[in-house]
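Visitor: The structure under discussion is supplied below as structure tokens; questions concerning it will follow.
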Amino acid sequence: MNLTDLIHIIPPDRDEEPEDIFASAPGLIFTDDTRNQHGDPGSIIVYKSKRFGDIELTTVDPEREDERQLFSHYLWNAGIKTAELISSPAAEEAHWSVKGERVLELGAGVTTSQDHAHPEQIRTSWRCTADDTKVFITDYPAPAVLANIRCNSQGAVPPTLAHRYSVEGHEWGDLTTAFARSHAHSFTRIIAADCFWMSGQHESLVQSMLHFLTVGTDGKVFVVSGFHTGRAKLASFFEAAVGEGLEIEEIYEEDVYGSGRIWESERNGGIEDVMERKRWLVIAQLKRRHVDCTVEAHAKAAH
């Protein structure tokens, strides 16, 4: 099954222009093309979760151009894959489980974070009363975007479990807000799906990851992203992450059909087929790099 088969779009109740129809179904026109973004303002996205059934999501039309350039008003394939990974019955065996963790999503977008919060974080608590999972869903502090996330979350999570999640505004790298100050090093799992297309924001994104990630050895950052904006940008993020103090625990590539291959920072001499790369995702787990205190002390003494 193609990953995009898990998505069904219910268009707005209005007459569609020809260009709207063509834009919403490129796979029908160009059979080799893979749709990697889903939803337009006014449409309903139905995510057909393999484990929990249909989940309806709405999209938002950001008010300002700078907000639109963040592309948080679409659902991307990386979000679908992330939701599938952490809600899979095999998630715990594959180290993707978030049961009982404190979870932060950065750049939530539409969001699949009620899929993050909904199937695995929140729904897990339905059957596990001792589960103290807490989910914080964040995105750029644009009122329209945050309001839509709250709307989607309220539609997916029953009121009795509303205390298990919170929607917050967070601009990557801004660690001076009340939310950032009060939640430093407090999350054992951080989720970032398709947050890496702006190379100039990589350092800020990594700063947020390191700020919020627990100082202990059990904290993990789940990274999933499409290649549609270029492999070089993803390689640049991983380079920044390692340079700032994270290390890569696991990394591989997978296409929308589930076929895997090893991660490479460059393929085919840097020449990329635009349609081909839309089929692929990079999937990784990062953790905080810990330096042996004894070795570090000896190194300082040597100087």
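For the structure tokens, the naming scheme is as follows: chains receive sequential letters (A, B, ...) according to their order of presentation, residues are indexed from 1 within each chain, and ligands are indexed from 1 in presentation order.
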Can you list, as a VMD selection string, every protein, DNA or RNA residue that comes within 12 Å of A:Leu104 when you count only C-alpha atoms, leaving out same-chain residues fewer than 3 positions away?

Guide: chain A and resid 98 101 107 to 108 113 to 114 116 to 117 121 133 to 139 165 to 170 179 to 180 183 to 193 208 to 209 211 to 214 219 to 222

Visitor: Skip stretch 259-266 of chain A itself and residues of its chain fewer than 5 positions away, then list as a ChimeraX atom specification all residues within 7 Å of it, counting only C-alpha atoms.

Guide: /A:231-232,235,251-254

Visitor: I need the chosen residues saved as a PDB file, in the first residue's frame, with all heavy atoms.

Guide:
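Result file out38.pdb:
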ATOM      1  N   ARG A 231      17.745  16.776  -0.797  1.00  0.00           N
ATOM      2  CA  ARG A 231      18.536  15.985   0.146  1.00  0.00           C
ATOM      3  C   ARG A 231      19.558  16.843   0.883  1.00  0.00           C
ATOM      4  O   ARG A 231      19.858  16.615   2.057  1.00  0.00           O
ATOM      5  CB  ARG A 231      19.236  14.858  -0.619  1.00  0.00           C
ATOM      6  CG  ARG A 231      20.087  13.925   0.229  1.00  0.00           C
ATOM      7  CD  ARG A 231      20.670  12.819  -0.643  1.00  0.00           C
ATOM      8  NE  ARG A 231      19.603  11.976  -1.179  1.00  0.00           N
ATOM      9  CZ  ARG A 231      19.137  10.888  -0.573  1.00  0.00           C
ATOM     10  NH1 ARG A 231      19.665  10.506   0.585  1.00  0.00           N
ATOM     11  NH2 ARG A 231      18.177  10.169  -1.119  1.00  0.00           N
ATOM     12  N   ALA A 232      20.108  17.841   0.199  1.00  0.00           N
ATOM     13  CA  ALA A 232      21.149  18.674   0.796  1.00  0.00           C
ATOM     14  C   ALA A 232      20.645  19.389   2.042  1.00  0.00           C
ATOM     15  O   ALA A 232      21.395  19.573   3.010  1.00  0.00           O
ATOM     16  CB  ALA A 232      21.673  19.681  -0.222  1.00  0.00           C
ATOM     17  N   ALA A 235      20.610  16.850   4.868  1.00  0.00           N
ATOM     18  CA  ALA A 235      21.984  16.583   5.306  1.00  0.00           C
ATOM     19  C   ALA A 235      22.506  17.745   6.144  1.00  0.00           C
ATOM     20  O   ALA A 235      23.217  17.549   7.134  1.00  0.00           O
ATOM     21  CB  ALA A 235      22.876  16.352   4.089  1.00  0.00           C
ATOM     22  N   ILE A 251      19.164   5.856  11.586  1.00  0.00           N
ATOM     23  CA  ILE A 251      18.746   6.639  10.430  1.00  0.00           C
ATOM     24  C   ILE A 251      18.664   5.732   9.205  1.00  0.00           C
ATOM     25  O   ILE A 251      19.530   4.874   9.007  1.00  0.00           O
ATOM     26  CB  ILE A 251      19.696   7.838  10.173  1.00  0.00           C
ATOM     27  CG1 ILE A 251      19.142   8.745   9.064  1.00  0.00           C
ATOM     28  CG2 ILE A 251      21.109   7.382   9.859  1.00  0.00           C
ATOM     29  CD1 ILE A 251      19.862  10.073   8.940  1.00  0.00           C
ATOM     30  N   TYR A 252      17.611   5.901   8.436  1.00  0.00           N
ATOM     31  CA  TYR A 252      17.446   5.151   7.197  1.00  0.00           C
ATOM     32  C   TYR A 252      16.464   5.896   6.294  1.00  0.00           C
ATOM     33  O   TYR A 252      15.839   6.884   6.709  1.00  0.00           O
ATOM     34  CB  TYR A 252      16.964   3.722   7.468  1.00  0.00           C
ATOM     35  CG  TYR A 252      15.628   3.618   8.172  1.00  0.00           C
ATOM     36  CD1 TYR A 252      14.434   3.450   7.466  1.00  0.00           C
ATOM     37  CD2 TYR A 252      15.555   3.658   9.566  1.00  0.00           C
ATOM     38  CE1 TYR A 252      13.220   3.344   8.117  1.00  0.00           C
ATOM     39  CE2 TYR A 252      14.345   3.550  10.229  1.00  0.00           C
ATOM     40  CZ  TYR A 252      13.170   3.390   9.491  1.00  0.00           C
ATOM     41  OH  TYR A 252      11.971   3.284  10.147  1.00  0.00           O
ATOM     42  N   GLU A 253      16.323   5.422   5.069  1.00  0.00           N
ATOM     43  CA  GLU A 253      15.385   5.994   4.118  1.00  0.00           C
ATOM     44  C   GLU A 253      14.304   4.969   3.800  1.00  0.00           C
ATOM     45  O   GLU A 253      14.560   3.770   3.806  1.00  0.00           O
ATOM     46  CB  GLU A 253      16.107   6.406   2.832  1.00  0.00           C
ATOM     47  CG  GLU A 253      17.199   7.438   3.045  1.00  0.00           C
ATOM     48  CD  GLU A 253      17.953   7.769   1.756  1.00  0.00           C
ATOM     49  OE1 GLU A 253      17.412   7.490   0.660  1.00  0.00           O
ATOM     50  OE2 GLU A 253      19.074   8.304   1.845  1.00  0.00           O
ATOM     51  N   GLU A 254      13.104   5.475   3.534  1.00  0.00           N
ATOM     52  CA  GLU A 254      11.992   4.587   3.194  1.00  0.00           C
ATOM     53  C   GLU A 254      11.082   5.289   2.199  1.00  0.00           C
ATOM     54  O   GLU A 254      10.806   6.482   2.329  1.00  0.00           O
ATOM     55  CB  GLU A 254      11.214   4.213   4.460  1.00  0.00           C
ATOM     56  CG  GLU A 254      10.100   3.197   4.229  1.00  0.00           C
ATOM     57  CD  GLU A 254       9.430   2.783   5.520  1.00  0.00           C
ATOM     58  OE1 GLU A 254      10.073   2.091   6.346  1.00  0.00           O
ATOM     59  OE2 GLU A 254       8.259   3.183   5.724  1.00  0.00           O
TER      60      GLU A 254
END

Visitor: As a PyMOL selection string, which residues of stretch 145-179 of chain A does DSSP assign to strand (DSSP E or B)?

Guide: chain A and resi 165-169

Visitor: What is the atom CA of A:Asn268-atom CA of A:Gln285 distance in Å, reported with one decimal?

Guide: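 Answer for the atom CA of A:Asn268 to atom CA of A:Gln285 separation: 25.1 Å.
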
Visitor: Report as a list in words all protein, DNA and RNA residues lying within 10 Å of A:His290, evaluated on only C-alpha atoms, omitting residues in the same chain fewer than 5 positions from it.

Guide: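 Here the answer would be Val215, Gly216, Thr217, Gly245, Leu246 and Glu247 of chain A.
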
Visitor: Atom CA of A:Leu146 to atom CA of A:Phe227: how many Å, to one decimal?

Guide: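 Going from atom CA of A:Leu146 over to atom CA of A:Phe227 covers 26.1 Å.
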
Visitor: Name the residues of stretch 106-267 of chain A that fall into alpha helix (DSSP H) according to DSSP on the backbone, using the chain letters and numbers of this document, as a compact mmCIF listing (two decimals) with all heavy atoms, in the first residue's frame.

Guide:
# COMPACT_ATOMS: atom_id res chain seq x y z
N SER A 113 -0.43 15.77 15.11
CA SER A 113 -0.08 15.54 16.49
C SER A 113 -1.27 15.16 17.32
O SER A 113 -1.08 14.62 18.38
CB SER A 113 0.62 16.71 17.12
OG SER A 113 -0.01 17.88 17.14
N GLN A 114 -2.49 15.33 16.86
CA GLN A 114 -3.48 14.59 17.59
C GLN A 114 -3.46 13.17 17.12
O GLN A 114 -3.98 12.30 17.79
CB GLN A 114 -4.88 15.15 17.46
CG GLN A 114 -5.52 14.81 16.19
CD GLN A 114 -5.44 15.95 15.28
OE1 GLN A 114 -4.70 16.88 15.49
NE2 GLN A 114 -6.20 15.92 14.26
N ASP A 115 -2.81 12.87 16.00
CA ASP A 115 -2.54 11.48 15.69
C ASP A 115 -1.39 11.02 16.59
O ASP A 115 -1.36 9.90 17.04
CB ASP A 115 -2.13 11.31 14.22
CG ASP A 115 -3.13 11.95 13.30
OD1 ASP A 115 -4.31 11.90 13.64
OD2 ASP A 115 -2.75 12.52 12.28
N ARG A 123 -4.82 7.89 23.27
CA ARG A 123 -5.64 6.68 23.27
C ARG A 123 -5.01 5.57 24.09
O ARG A 123 -5.71 4.72 24.60
CB ARG A 123 -5.89 6.21 21.83
CG ARG A 123 -6.84 7.09 21.09
CD ARG A 123 -7.88 6.26 20.38
NE ARG A 123 -8.77 7.08 19.61
CZ ARG A 123 -9.79 6.61 18.92
NH1 ARG A 123 -10.02 5.33 18.90
NH2 ARG A 123 -10.57 7.42 18.24
N THR A 124 -3.70 5.58 24.20
CA THR A 124 -3.06 4.60 25.06
C THR A 124 -3.58 4.74 26.48
O THR A 124 -3.79 3.75 27.18
CB THR A 124 -1.53 4.78 25.05
OG1 THR A 124 -1.05 4.47 23.75
CG2 THR A 124 -0.85 3.85 26.04
N SER A 125 -3.84 5.96 26.90
CA SER A 125 -4.29 6.18 28.28
C SER A 125 -5.70 5.65 28.50
O SER A 125 -6.11 5.46 29.64
CB SER A 125 -4.20 7.66 28.63
OG SER A 125 -5.09 8.41 27.82
N TRP A 126 -6.48 5.45 27.42
CA TRP A 126 -7.81 4.88 27.60
C TRP A 126 -7.72 3.48 28.18
O TRP A 126 -8.54 3.06 28.96
CB TRP A 126 -8.54 4.80 26.25
CG TRP A 126 -8.86 6.11 25.64
CD1 TRP A 126 -8.50 7.35 26.08
CD2 TRP A 126 -9.60 6.31 24.44
NE1 TRP A 126 -8.96 8.31 25.24
CE2 TRP A 126 -9.64 7.70 24.21
CE3 TRP A 126 -10.22 5.47 23.53
CZ2 TRP A 126 -10.28 8.27 23.13
CZ3 TRP A 126 -10.86 6.03 22.44
CH2 TRP A 126 -10.89 7.42 22.24
N ARG A 127 -6.72 2.73 27.73
CA ARG A 127 -6.63 1.34 28.15
C ARG A 127 -5.57 1.14 29.23
O ARG A 127 -5.35 0.04 29.69
CB ARG A 127 -6.32 0.45 26.94
CG ARG A 127 -4.97 0.71 26.32
CD ARG A 127 -4.76 -0.23 25.11
NE ARG A 127 -3.41 -0.13 24.61
CZ ARG A 127 -2.98 0.76 23.75
NH1 ARG A 127 -3.80 1.70 23.32
NH2 ARG A 127 -1.73 0.76 23.34
N PRO A 143 -1.92 32.97 15.37
CA PRO A 143 -3.23 32.65 15.97
C PRO A 143 -4.07 31.68 15.14
O PRO A 143 -4.67 30.75 15.69
CB PRO A 143 -3.90 34.02 16.08
CG PRO A 143 -2.76 34.98 16.23
CD PRO A 143 -1.66 34.43 15.35
N ALA A 144 -4.10 31.87 13.81
CA ALA A 144 -4.94 31.00 12.97
C ALA A 144 -4.44 29.56 13.00
O ALA A 144 -5.23 28.61 13.05
CB ALA A 144 -4.96 31.53 11.54
N VAL A 145 -3.13 29.38 12.96
CA VAL A 145 -2.54 28.04 12.97
C VAL A 145 -2.82 27.34 14.29
O VAL A 145 -3.24 26.18 14.33
CB VAL A 145 -1.03 28.10 12.68
CG1 VAL A 145 -0.38 26.73 12.88
CG2 VAL A 145 -0.76 28.60 11.27
N LEU A 146 -2.58 28.04 15.40
CA LEU A 146 -2.80 27.44 16.72
C LEU A 146 -4.27 27.14 16.96
O LEU A 146 -4.62 26.11 17.56
CB LEU A 146 -2.26 28.36 17.82
CG LEU A 146 -0.74 28.61 17.81
CD1 LEU A 146 -0.35 29.55 18.94
CD2 LEU A 146 0.03 27.29 17.91
N ALA A 147 -5.15 28.02 16.48
CA ALA A 147 -6.59 27.77 16.65
C ALA A 147 -7.01 26.52 15.90
O ALA A 147 -7.84 25.73 16.39
CB ALA A 147 -7.38 28.98 16.15
N ASN A 148 -6.44 26.30 14.72
CA ASN A 148 -6.79 25.11 13.95
C ASN A 148 -6.27 23.84 14.62
O ASN A 148 -6.93 22.81 14.63
CB ASN A 148 -6.22 25.21 12.53
CG ASN A 148 -6.75 24.12 11.62
OD1 ASN A 148 -7.95 24.02 11.39
ND2 ASN A 148 -5.86 23.28 11.12
N ILE A 149 -5.07 23.91 15.20
CA ILE A 149 -4.54 22.75 15.93
C ILE A 149 -5.45 22.42 17.10
O ILE A 149 -5.76 21.25 17.36
CB ILE A 149 -3.11 23.03 16.43
CG1 ILE A 149 -2.14 23.15 15.23
CG2 ILE A 149 -2.64 21.93 17.38
CD1 ILE A 149 -0.74 23.56 15.63
N ARG A 150 -5.89 23.44 17.82
CA ARG A 150 -6.79 23.19 18.96
C ARG A 150 -8.10 22.57 18.49
O ARG A 150 -8.62 21.65 19.13
CB ARG A 150 -7.05 24.50 19.71
CG ARG A 150 -5.84 25.05 20.44
CD ARG A 150 -6.20 26.22 21.34
NE ARG A 150 -5.02 26.71 22.04
CZ ARG A 150 -4.29 27.74 21.64
NH1 ARG A 150 -4.65 28.44 20.55
NH2 ARG A 150 -3.23 28.11 22.32
N CYS A 151 -8.61 23.05 17.36
CA CYS A 151 -9.86 22.52 16.82
C CYS A 151 -9.70 21.05 16.45
O CYS A 151 -10.53 20.21 16.80
CB CYS A 151 -10.28 23.34 15.60
SG CYS A 151 -11.81 22.77 14.81
N ASN A 152 -8.62 20.72 15.75
CA ASN A 152 -8.37 19.33 15.37
C ASN A 152 -8.18 18.42 16.58
O ASN A 152 -8.68 17.30 16.62
CB ASN A 152 -7.14 19.23 14.46
CG ASN A 152 -7.44 19.66 13.03
OD1 ASN A 152 -8.57 19.60 12.58
ND2 ASN A 152 -6.41 20.09 12.32
N SER A 153 -7.46 18.94 17.57
CA SER A 153 -7.20 18.14 18.77
C SER A 153 -8.49 17.89 19.55
O SER A 153 -8.73 16.78 20.04
CB SER A 153 -6.17 18.84 19.66
OG SER A 153 -4.94 18.99 18.97
N GLN A 154 -9.32 18.91 19.65
CA GLN A 154 -10.58 18.75 20.37
C GLN A 154 -11.50 17.75 19.67
O GLN A 154 -12.26 17.03 20.32
CB GLN A 154 -11.28 20.10 20.51
CG GLN A 154 -10.58 21.05 21.48
CD GLN A 154 -11.08 22.48 21.37
OE1 GLN A 154 -12.01 22.78 20.60
NE2 GLN A 154 -10.46 23.38 22.13
N GLY A 155 -11.40 17.70 18.33
CA GLY A 155 -12.21 16.75 17.59
C GLY A 155 -11.74 15.33 17.72
O GLY A 155 -12.51 14.39 17.52
N ALA A 156 -10.47 15.14 18.02
CA ALA A 156 -9.89 13.79 18.07
C ALA A 156 -9.78 13.24 19.49
O ALA A 156 -9.77 12.03 19.67
CB ALA A 156 -8.51 13.79 17.42
N ALA A 178 7.68 32.24 28.50
CA ALA A 178 7.29 31.55 29.73
C ALA A 178 7.21 30.04 29.50
O ALA A 178 7.63 29.24 30.35
CB ALA A 178 5.95 32.08 30.23
N PHE A 179 6.68 29.64 28.34
CA PHE A 179 6.58 28.21 28.04
C PHE A 179 7.97 27.57 27.96
O PHE A 179 8.21 26.52 28.54
CB PHE A 179 5.84 27.99 26.72
CG PHE A 179 5.88 26.57 26.24
CD1 PHE A 179 5.13 25.59 26.86
CD2 PHE A 179 6.68 26.21 25.16
CE1 PHE A 179 5.17 24.26 26.43
CE2 PHE A 179 6.73 24.90 24.71
CZ PHE A 179 5.97 23.92 25.35
N ALA A 180 8.89 28.22 27.24
CA ALA A 180 10.24 27.66 27.09
C ALA A 180 10.96 27.60 28.44
O ALA A 180 11.61 26.60 28.76
CB ALA A 180 11.03 28.48 26.09
N ARG A 181 10.85 28.64 29.22
CA ARG A 181 11.56 28.67 30.51
C ARG A 181 11.03 27.61 31.47
O ARG A 181 11.79 26.99 32.21
CB ARG A 181 11.45 30.06 31.14
CG ARG A 181 12.21 31.16 30.40
CD ARG A 181 12.39 32.38 31.29
NE ARG A 181 11.14 32.85 31.85
CZ ARG A 181 10.35 33.75 31.29
NH1 ARG A 181 10.68 34.27 30.10
NH2 ARG A 181 9.23 34.13 31.87
N SER A 182 9.73 27.40 31.47
CA SER A 182 9.14 26.48 32.44
C SER A 182 9.22 25.02 32.02
O SER A 182 8.93 24.13 32.83
CB SER A 182 7.66 26.85 32.68
OG SER A 182 6.91 26.73 31.48
N HIS A 202 17.86 25.80 10.84
CA HIS A 202 18.35 24.55 11.43
C HIS A 202 18.96 24.76 12.81
O HIS A 202 18.70 24.00 13.75
CB HIS A 202 19.37 23.89 10.50
CG HIS A 202 18.76 23.28 9.28
ND1 HIS A 202 19.50 22.82 8.22
CD2 HIS A 202 17.46 23.03 8.96
CE1 HIS A 202 18.69 22.33 7.31
NE2 HIS A 202 17.44 22.45 7.72
N GLU A 203 19.78 25.77 12.94
CA GLU A 203 20.42 26.01 14.24
C GLU A 203 19.38 26.33 15.30
O GLU A 203 19.46 25.83 16.43
CB GLU A 203 21.43 27.15 14.12
CG GLU A 203 22.19 27.41 15.41
CD GLU A 203 23.25 28.50 15.26
OE1 GLU A 203 23.60 28.85 14.12
OE2 GLU A 203 23.73 28.99 16.31
N SER A 204 18.39 27.14 14.95
CA SER A 204 17.33 27.48 15.91
C SER A 204 16.52 26.25 16.29
O SER A 204 16.15 26.07 17.47
CB SER A 204 16.42 28.56 15.31
OG SER A 204 17.11 29.77 15.12
N LEU A 205 16.23 25.41 15.31
CA LEU A 205 15.47 24.19 15.58
C LEU A 205 16.24 23.27 16.52
O LEU A 205 15.68 22.73 17.49
CB LEU A 205 15.17 23.47 14.27
CG LEU A 205 14.43 22.13 14.34
CD1 LEU A 205 13.11 22.27 15.09
CD2 LEU A 205 14.20 21.56 12.95
N VAL A 206 17.53 23.10 16.28
CA VAL A 206 18.36 22.26 17.14
C VAL A 206 18.45 22.86 18.54
O VAL A 206 18.43 22.14 19.54
CB VAL A 206 19.76 22.06 16.54
CG1 VAL A 206 20.66 21.32 17.51
CG2 VAL A 206 19.67 21.29 15.22
N GLN A 207 18.54 24.18 18.63
CA GLN A 207 18.57 24.83 19.94
C GLN A 207 17.31 24.49 20.75
O GLN A 207 17.39 24.21 21.95
CB GLN A 207 18.70 26.34 19.78
CG GLN A 207 20.08 26.80 19.35
CD GLN A 207 20.13 28.30 19.08
OE1 GLN A 207 19.11 28.99 19.15
NE2 GLN A 207 21.31 28.81 18.77
N SER A 208 16.17 24.52 20.07
CA SER A 208 14.92 24.16 20.76
C SER A 208 14.94 22.70 21.18
O SER A 208 14.52 22.36 22.30
CB SER A 208 13.72 24.44 19.84
OG SER A 208 13.49 25.83 19.72
N MET A 209 15.41 21.84 20.31
CA MET A 209 15.48 20.41 20.66
C MET A 209 16.33 20.19 21.90
O MET A 209 15.93 19.49 22.84
CB MET A 209 16.05 19.61 19.49
CG MET A 209 15.12 19.51 18.29
SD MET A 209 15.92 18.69 16.88
CE MET A 209 14.53 18.54 15.75
N LEU A 210 17.51 20.79 21.93
CA LEU A 210 18.42 20.60 23.07
C LEU A 210 17.87 21.26 24.33
O LEU A 210 18.07 20.75 25.44
CB LEU A 210 19.79 21.18 22.73
CG LEU A 210 20.62 20.36 21.73
CD1 LEU A 210 21.82 21.17 21.24
CD2 LEU A 210 21.08 19.05 22.36
N HIS A 211 17.18 22.37 24.17
CA HIS A 211 16.62 23.07 25.33
C HIS A 211 15.52 22.25 25.99
O HIS A 211 15.45 22.15 27.23
CB HIS A 211 16.05 24.42 24.89
CG HIS A 211 15.33 25.16 25.98
ND1 HIS A 211 15.99 25.90 26.94
CD2 HIS A 211 14.00 25.25 26.27
CE1 HIS A 211 15.11 26.43 27.77
NE2 HIS A 211 13.89 26.05 27.39
N PHE A 212 14.65 21.64 25.19
CA PHE A 212 13.50 20.93 25.74
C PHE A 212 13.80 19.47 26.07
O PHE A 212 13.12 18.88 26.91
CB PHE A 212 12.33 20.99 24.76
CG PHE A 212 11.69 22.35 24.64
CD1 PHE A 212 11.78 23.08 23.47
CD2 PHE A 212 10.99 22.89 25.71
CE1 PHE A 212 11.18 24.32 23.36
CE2 PHE A 212 10.39 24.14 25.62
CZ PHE A 212 10.48 24.86 24.43
N ARG A 231 17.74 16.78 -0.80
CA ARG A 231 18.54 15.98 0.15
C ARG A 231 19.56 16.84 0.88
O ARG A 231 19.86 16.62 2.06
CB ARG A 231 19.24 14.86 -0.62
CG ARG A 231 20.09 13.93 0.23
CD ARG A 231 20.67 12.82 -0.64
NE ARG A 231 19.60 11.98 -1.18
CZ ARG A 231 19.14 10.89 -0.57
NH1 ARG A 231 19.67 10.51 0.58
NH2 ARG A 231 18.18 10.17 -1.12
N ALA A 232 20.11 17.84 0.20
CA ALA A 232 21.15 18.67 0.80
C ALA A 232 20.64 19.39 2.04
O ALA A 232 21.39 19.57 3.01
CB ALA A 232 21.67 19.68 -0.22
N LYS A 233 19.38 19.80 2.04
CA LYS A 233 18.84 20.49 3.20
C LYS A 233 18.71 19.56 4.40
O LYS A 233 18.95 19.95 5.54
CB LYS A 233 17.49 21.11 2.87
CG LYS A 233 17.59 22.28 1.89
CD LYS A 233 16.27 22.97 1.68
CE LYS A 233 16.43 24.16 0.74
NZ LYS A 233 15.15 24.86 0.51
N LEU A 234 18.35 18.32 4.15
CA LEU A 234 18.27 17.35 5.24
C LEU A 234 19.65 17.02 5.78
O LEU A 234 19.85 16.94 7.00
CB LEU A 234 17.56 16.08 4.76
CG LEU A 234 16.10 16.26 4.38
CD1 LEU A 234 15.53 14.99 3.78
CD2 LEU A 234 15.27 16.70 5.58
N ALA A 235 20.61 16.85 4.87
CA ALA A 235 21.98 16.58 5.31
C ALA A 235 22.51 17.75 6.14
O ALA A 235 23.22 17.55 7.13
CB ALA A 235 22.88 16.35 4.09
N SER A 236 22.12 18.96 5.75
CA SER A 236 22.54 20.15 6.50
C SER A 236 21.97 20.14 7.91
O SER A 236 22.65 20.52 8.87
CB SER A 236 22.08 21.41 5.76
OG SER A 236 22.31 22.57 6.52
N PHE A 237 20.71 19.71 8.06
CA PHE A 237 20.13 19.64 9.40
C PHE A 237 20.88 18.65 10.27
O PHE A 237 21.22 18.95 11.42
CB PHE A 237 18.65 19.25 9.35
CG PHE A 237 18.14 18.80 10.69
CD1 PHE A 237 17.88 19.72 11.69
CD2 PHE A 237 17.99 17.44 10.97
CE1 PHE A 237 17.47 19.30 12.95
CE2 PHE A 237 17.57 17.02 12.22
CZ PHE A 237 17.31 17.95 13.22
N PHE A 238 21.13 17.45 9.76
CA PHE A 238 21.81 16.43 10.57
C PHE A 238 23.22 16.89 10.93
O PHE A 238 23.70 16.63 12.04
CB PHE A 238 21.85 15.10 9.82
CG PHE A 238 20.50 14.42 9.75
CD1 PHE A 238 19.90 14.19 8.52
CD2 PHE A 238 19.84 14.04 10.90
CE1 PHE A 238 18.65 13.57 8.45
CE2 PHE A 238 18.59 13.42 10.85
CZ PHE A 238 17.99 13.19 9.61
N GLU A 239 23.87 17.61 10.03
CA GLU A 239 25.19 18.15 10.33
C GLU A 239 25.11 19.16 11.46
O GLU A 239 25.93 19.16 12.39
CB GLU A 239 25.78 18.79 9.08
CG GLU A 239 27.18 19.35 9.26
CD GLU A 239 27.75 19.95 7.99
OE1 GLU A 239 27.21 19.69 6.90
OE2 GLU A 239 28.75 20.69 8.10
N ALA A 240 24.08 20.03 11.40
CA ALA A 240 23.89 21.03 12.46
C ALA A 240 23.57 20.36 13.78
O ALA A 240 24.07 20.75 14.84
CB ALA A 240 22.79 22.01 12.07
N ALA A 241 22.73 19.32 13.74
CA ALA A 241 22.33 18.63 14.97
C ALA A 241 23.54 17.99 15.65
O ALA A 241 23.72 18.12 16.88
CB ALA A 241 21.28 17.57 14.65
N VAL A 242 24.37 17.31 14.87
CA VAL A 242 25.57 16.68 15.43
C VAL A 242 26.55 17.73 15.94
O VAL A 242 27.16 17.59 17.00
CB VAL A 242 26.22 15.76 14.39
CG1 VAL A 242 27.58 15.26 14.88
CG2 VAL A 242 25.31 14.59 14.07
N GLY A 243 26.67 18.81 15.21
CA GLY A 243 27.59 19.88 15.60
C GLY A 243 27.21 20.58 16.88
O GLY A 243 28.08 21.06 17.63
N GLU A 244 25.89 20.60 17.17
CA GLU A 244 25.40 21.31 18.35
C GLU A 244 25.28 20.43 19.59
O GLU A 244 25.00 20.92 20.67
CB GLU A 244 24.05 21.96 18.04
CG GLU A 244 24.11 23.11 17.04
CD GLU A 244 24.88 24.31 17.57
OE1 GLU A 244 24.77 24.60 18.78
OE2 GLU A 244 25.60 24.93 16.77

Visitor: So how many Å separate atom CA of A:Trp280 and atom CA of A:Glu250, to one decimal?

Guide: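 It comes out at 16.7 Å.
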
Visitor: At a cut-off of 10 Å, using only C-alpha atoms, what residues contact A:Asp273? Leave out same-chain residues fewer than 4 positions from it and give the result as a list in words.

Guide: His228, Gly230, Asn268, Arg277 and Lys278 of chain A

Visitor: Pick the closest to A:Thr59 from A:Ile10, A:Ala90, A:Leu85, A:Met198: which is it, counting only C-alpha atoms?

Guide: A:Ile10

Visitor: Just want the 10 Å neighbourhood of A:Asn77, counted on only C-alpha atoms, with same-chain residues fewer than 4 positions away dropped. Output as a ChimeraX atom specification.

Guide: /A:3-4,6-7,34-38,81-83,193-194,224-226,256,278-281

Visitor: Quick one: write out the picked residues with C-alpha atoms as a compact mmCIF listing (two decimals), in the first residue's frame?

Guide:
# COMPACT_ATOMS: atom_id res chain seq x y z
CA LEU A 3 1.42 5.77 2.26
CA THR A 4 -0.81 8.32 0.54
CA LEU A 6 -4.15 6.46 4.03
CA ILE A 7 -5.40 9.95 3.14
CA THR A 34 3.60 11.09 -5.61
CA ARG A 35 1.47 13.58 -3.76
CA ASN A 36 3.44 14.66 -0.72
CA GLN A 37 1.19 17.41 0.65
CA HIS A 38 -2.49 17.16 1.41
CA LYS A 81 4.50 8.21 8.53
CA THR A 82 5.25 9.50 12.03
CA ALA A 83 1.70 8.81 13.15
CA ALA A 193 8.13 15.91 11.05
CA ASP A 194 8.98 17.86 7.89
CA VAL A 224 10.89 12.18 9.83
CA SER A 225 11.07 14.21 6.65
CA GLY A 226 10.41 14.07 2.94
CA VAL A 256 5.92 5.53 0.33
CA LYS A 278 9.00 12.90 -3.49
CA ARG A 279 8.55 9.16 -2.93
CA TRP A 280 11.19 9.00 -0.19
CA LEU A 281 11.41 9.86 3.49
